[in-house]
Amino acid sequence: MMKNHMPRLQPLSRIRTRTLWLFCSALFVVFFLMSWSSYYVAQRSINRQIEENSLPLTSDNVYSHIQRDLVQPIFVASLMAHDTFVRDWALQDAPDTAPMQRYLAEIDRRFGTVVAFFVLDRTRQLYLPDDDSHVIDVHSPRYAWYEQVKALPAAQSYLVTVGEDPERPGKFDILIDHKVFDYQNRLIGVTGVGLPLEQVRALIDSYQQRYQRTIYFTDRNGRIVLGSASLETIGQPLQAQPGMQPLAARLLSSPSGSYSIVKDGERVYINARLVPEFDWYLIVEEHVTPSHDAIFRTFLVNVAIAAAITLLVLAISLLTQGRYQRRLTRQASVDPLTEALNRRSAEEMHARLRDECQRRGVPLSILVLDVDHFKQINDRHGHPAGDMALRHLVDRIRQHMRDGDAVCRWGGEEFVLLLNGCSQEGALALAERIRLSLAQQPLQAGEQQLSLTISGGITETRDNEPLGSVVQRADTALYAAKHAGRNRIHAAPAMQASDSKS
């Protein structure tokens, strides 16, 4: 019943709730902006770190591996071209094939190359390990490499190409073709070795997996000549790659450099350097998306944490405000001593119950109770005993009240009961039960027992009648009960028809 009455603090409560929502929204916005700022700064820091440190360092490491794993065949080809056995054998008028084949087979075995070869220029014979010699047809595209090697400038003694393996048709190798001169520096042939393309691609794949970068090679003209097995742009010009057209000329005109492009809407950083032994450019690319994805996930986690903190603050604040609001409501509507409604709340409750009873066509009775000789209790036993007596009375009243009824402290030791849907006769019966209950249960005040009695007056509320007027009428009956000897209940005279119309 008490729950139905709320003091008029709702507008203030709504203002506080809106203010709280605004505060929590501002708190979340601050958290979000801080997280976004950190995400943006981290992005820029990662980009700068990639461009200035990690990518050049990776390129250096890959270049070192290239020197170790791929440059050795060039050294082997150079060793063969300056070997006196090769020169002396080539200068013979009719050299025996077998020694040269054994020599080439030993080169393959010792250095792990896939094919070692020698071309005697004056006969155009191509010698391979453990195989018959082949005559080079200068008009065949298959042997165009030989004429390219012979046409090299004097300062360039070898050529690196990707070509078909002469011993494995359909298979391709990286071939190092080295010119061979006699002791008077006259060209007498071409020798060299080959590495399986699959082996080199496997090396590049291992570099990519280790460093998480894209690695490939282009020649001086920008044609992509070598990359991992999954690279689909082998043989295509660098200029045709997405985002590379404005960069290609600058990249191919410098021995090394760092660049950035936008490829398929994604920022890509590039480090390029010339590998002079191959006369190829080593190109290492790094996509920033994986790194940015990682910090974006961190950003989302931060936003989620910010949202959780904001919701937690909001929940705690709403809970605290709710408790505070309920405390204010109670303080505004309840008598602090007895926890009965105060006079202001009783007037609001009476107006609501009066209108409700009028709609339902049922009576609303008012019972006014007063503790007999209350001043004597305070004088003899002290005010704490008087306070105990008032609380004791309210407890007895509540034991006999019905759902929908209300009790309020009207002032001092006087209490008003609002009896919803109860006639004057029913109110009189209820009052008698309360009076007898109180008389039969003395109050234990310390070591003393106090016998309490009450007097009461009853009346019914008229149409649209304010509570003050009703209480005044019930007070008249109450005073009559006191004058009649106390410890009794009187009812006000029944309402006359003329009174109802007035």
# chains A, B, ... in the order shown; residues from 1 in each chain; ligands from 1

call {"tool": "residues_around", "arguments": {"residues": "Leu195 in chain A", "least_positions_apart": "2", "cutoff": "10 Å", "atoms": "only C-alpha atoms", "output": "JSON list (two decimals) with C-alpha atoms, in the first residue's frame"}}
result
[["chain", "number", "residue", "atom", "x", "y", "z"],
["A", 70, "LEU", "CA", 72.30, -17.82, -54.90],
["A", 73, "PRO", "CA", 76.76, -20.59, -58.61],
["A", 112, "GLY", "CA", 75.15, -29.27, -55.87],
["A", 113, "THR", "CA", 74.33, -27.64, -59.19],
["A", 114, "VAL", "CA", 71.71, -29.19, -61.43],
["A", 115, "VAL", "CA", 73.61, -28.89, -64.69],
["A", 116, "ALA", "CA", 77.17, -27.90, -65.54],
["A", 162, "VAL", "CA", 66.09, -18.06, -66.54],
["A", 165, "ASP", "CA", 67.12, -26.99, -68.63],
["A", 172, "PHE", "CA", 63.51, -24.24, -66.11],
["A", 173, "ASP", "CA", 66.71, -23.27, -64.34],
["A", 174, "ILE", "CA", 68.54, -20.15, -63.34],
["A", 175, "LEU", "CA", 71.56, -20.36, -65.64],
["A", 176, "ILE", "CA", 74.88, -18.60, -65.12],
["A", 193, "VAL", "CA", 76.03, -24.01, -64.19],
["A", 197, "LEU", "CA", 64.03, -22.87, -60.55],
["A", 198, "GLU", "CA", 61.95, -24.89, -58.07],
["A", 199, "GLN", "CA", 64.85, -24.85, -55.61],
["A", 200, "VAL", "CA", 65.26, -21.07, -55.90]]

call {"tool": "residues_around", "arguments": {"residues": "range 240-245 of chain A", "least_positions_apart": "5", "cutoff": "9 Å", "atoms": "only C-alpha atoms", "output": "list of chain:residue names"}}
result
A:Thr233, A:Ile261, A:Val262, A:Lys263, A:Asp264

call {"tool": "closest_residue", "arguments": {"among": "A:Val225, A:Leu438, A:Met349, A:Leu311", "to": "Asp372 in chain A", "atoms": "only C-alpha atoms"}}
result
A:Leu438

call {"tool": "closest_residue", "arguments": {"among": "A:Pro237, A:Gly468, A:Gly457, A:Gly257", "to": "His350 in chain A", "atoms": "only C-alpha atoms"}}
result
A:Gly468

call {"tool": "select_by_dssp", "arguments": {"residues": "range 246-410 of chain A", "states": "helix (DSSP H, G or I)", "output": "JSON, numbers by chain"}}
result
{"A": [246, 247, 248, 249, 250, 251, 252, 289, 290, 291, 292, 293, 294, 295, 296, 297, 298, 299, 300, 301, 302, 303, 304, 305, 306, 307, 308, 309, 310, 311, 312, 313, 314, 315, 316, 317, 318, 319, 320, 321, 322, 323, 324, 325, 326, 327, 328, 329, 330, 331, 332, 333, 343, 344, 345, 346, 347, 348, 349, 350, 351, 352, 353, 354, 355, 356, 357, 358, 359, 360, 374, 375, 376, 377, 378, 379, 380, 381, 383, 384, 385, 386, 387, 388, 389, 390, 391, 392, 393, 394, 395, 396, 397, 398, 399, 400]}

call {"tool": "residues_around", "arguments": {"residues": "Asn342 in chain A", "least_positions_apart": "5", "cutoff": "6 Å", "atoms": "only C-alpha atoms", "output": "PDB file with N, CA, C and O atoms, in the first residue's frame"}}
result
ATOM      1  N   SER A 333       7.759  11.301   2.399  1.00  0.00           N
ATOM      2  CA  SER A 333       6.398  10.788   2.529  1.00  0.00           C
ATOM      3  C   SER A 333       6.121  10.088   3.839  1.00  0.00           C
ATOM      4  O   SER A 333       4.954   9.827   4.143  1.00  0.00           O
ATOM      5  N   VAL A 334       7.165   9.783   4.609  1.00  0.00           N
ATOM      6  CA  VAL A 334       6.989   8.933   5.774  1.00  0.00           C
ATOM      7  C   VAL A 334       7.438   9.666   7.028  1.00  0.00           C
ATOM      8  O   VAL A 334       8.436  10.390   7.029  1.00  0.00           O
ATOM      9  N   ASP A 335       6.691   9.432   8.096  1.00  0.00           N
ATOM     10  CA  ASP A 335       7.090   9.957   9.409  1.00  0.00           C
ATOM     11  C   ASP A 335       8.310   9.162   9.882  1.00  0.00           C
ATOM     12  O   ASP A 335       8.243   7.915   9.953  1.00  0.00           O
ATOM     13  N   CYS A 408      -1.482   7.246   8.706  1.00  0.00           N
ATOM     14  CA  CYS A 408      -0.572   8.378   8.709  1.00  0.00           C
ATOM     15  C   CYS A 408      -0.567   9.014  10.093  1.00  0.00           C
ATOM     16  O   CYS A 408      -1.555   8.911  10.848  1.00  0.00           O
ATOM     17  N   ARG A 409       0.550   9.639  10.402  1.00  0.00           N
ATOM     18  CA  ARG A 409       0.643  10.381  11.663  1.00  0.00           C
ATOM     19  C   ARG A 409       0.202  11.814  11.374  1.00  0.00           C
ATOM     20  O   ARG A 409       0.869  12.542  10.649  1.00  0.00           O
TER      21      ARG A 409
END

call {"tool": "residues_around", "arguments": {"residues": "Tyr479 in chain A", "least_positions_apart": "3", "cutoff": "12 Å", "atoms": "only C-alpha atoms", "output": "number ranges by chain"}}
result
A: 368-370, 372, 414, 454-458, 471-476, 482-492

call {"tool": "select_by_dssp", "arguments": {"residues": "range 58-204 of chain A", "states": "strand (DSSP E or B)", "output": "VMD selection string"}}
result
chain A and resid 115 to 120 125 to 127 134 to 135 158 to 164 172 to 181 187 to 196
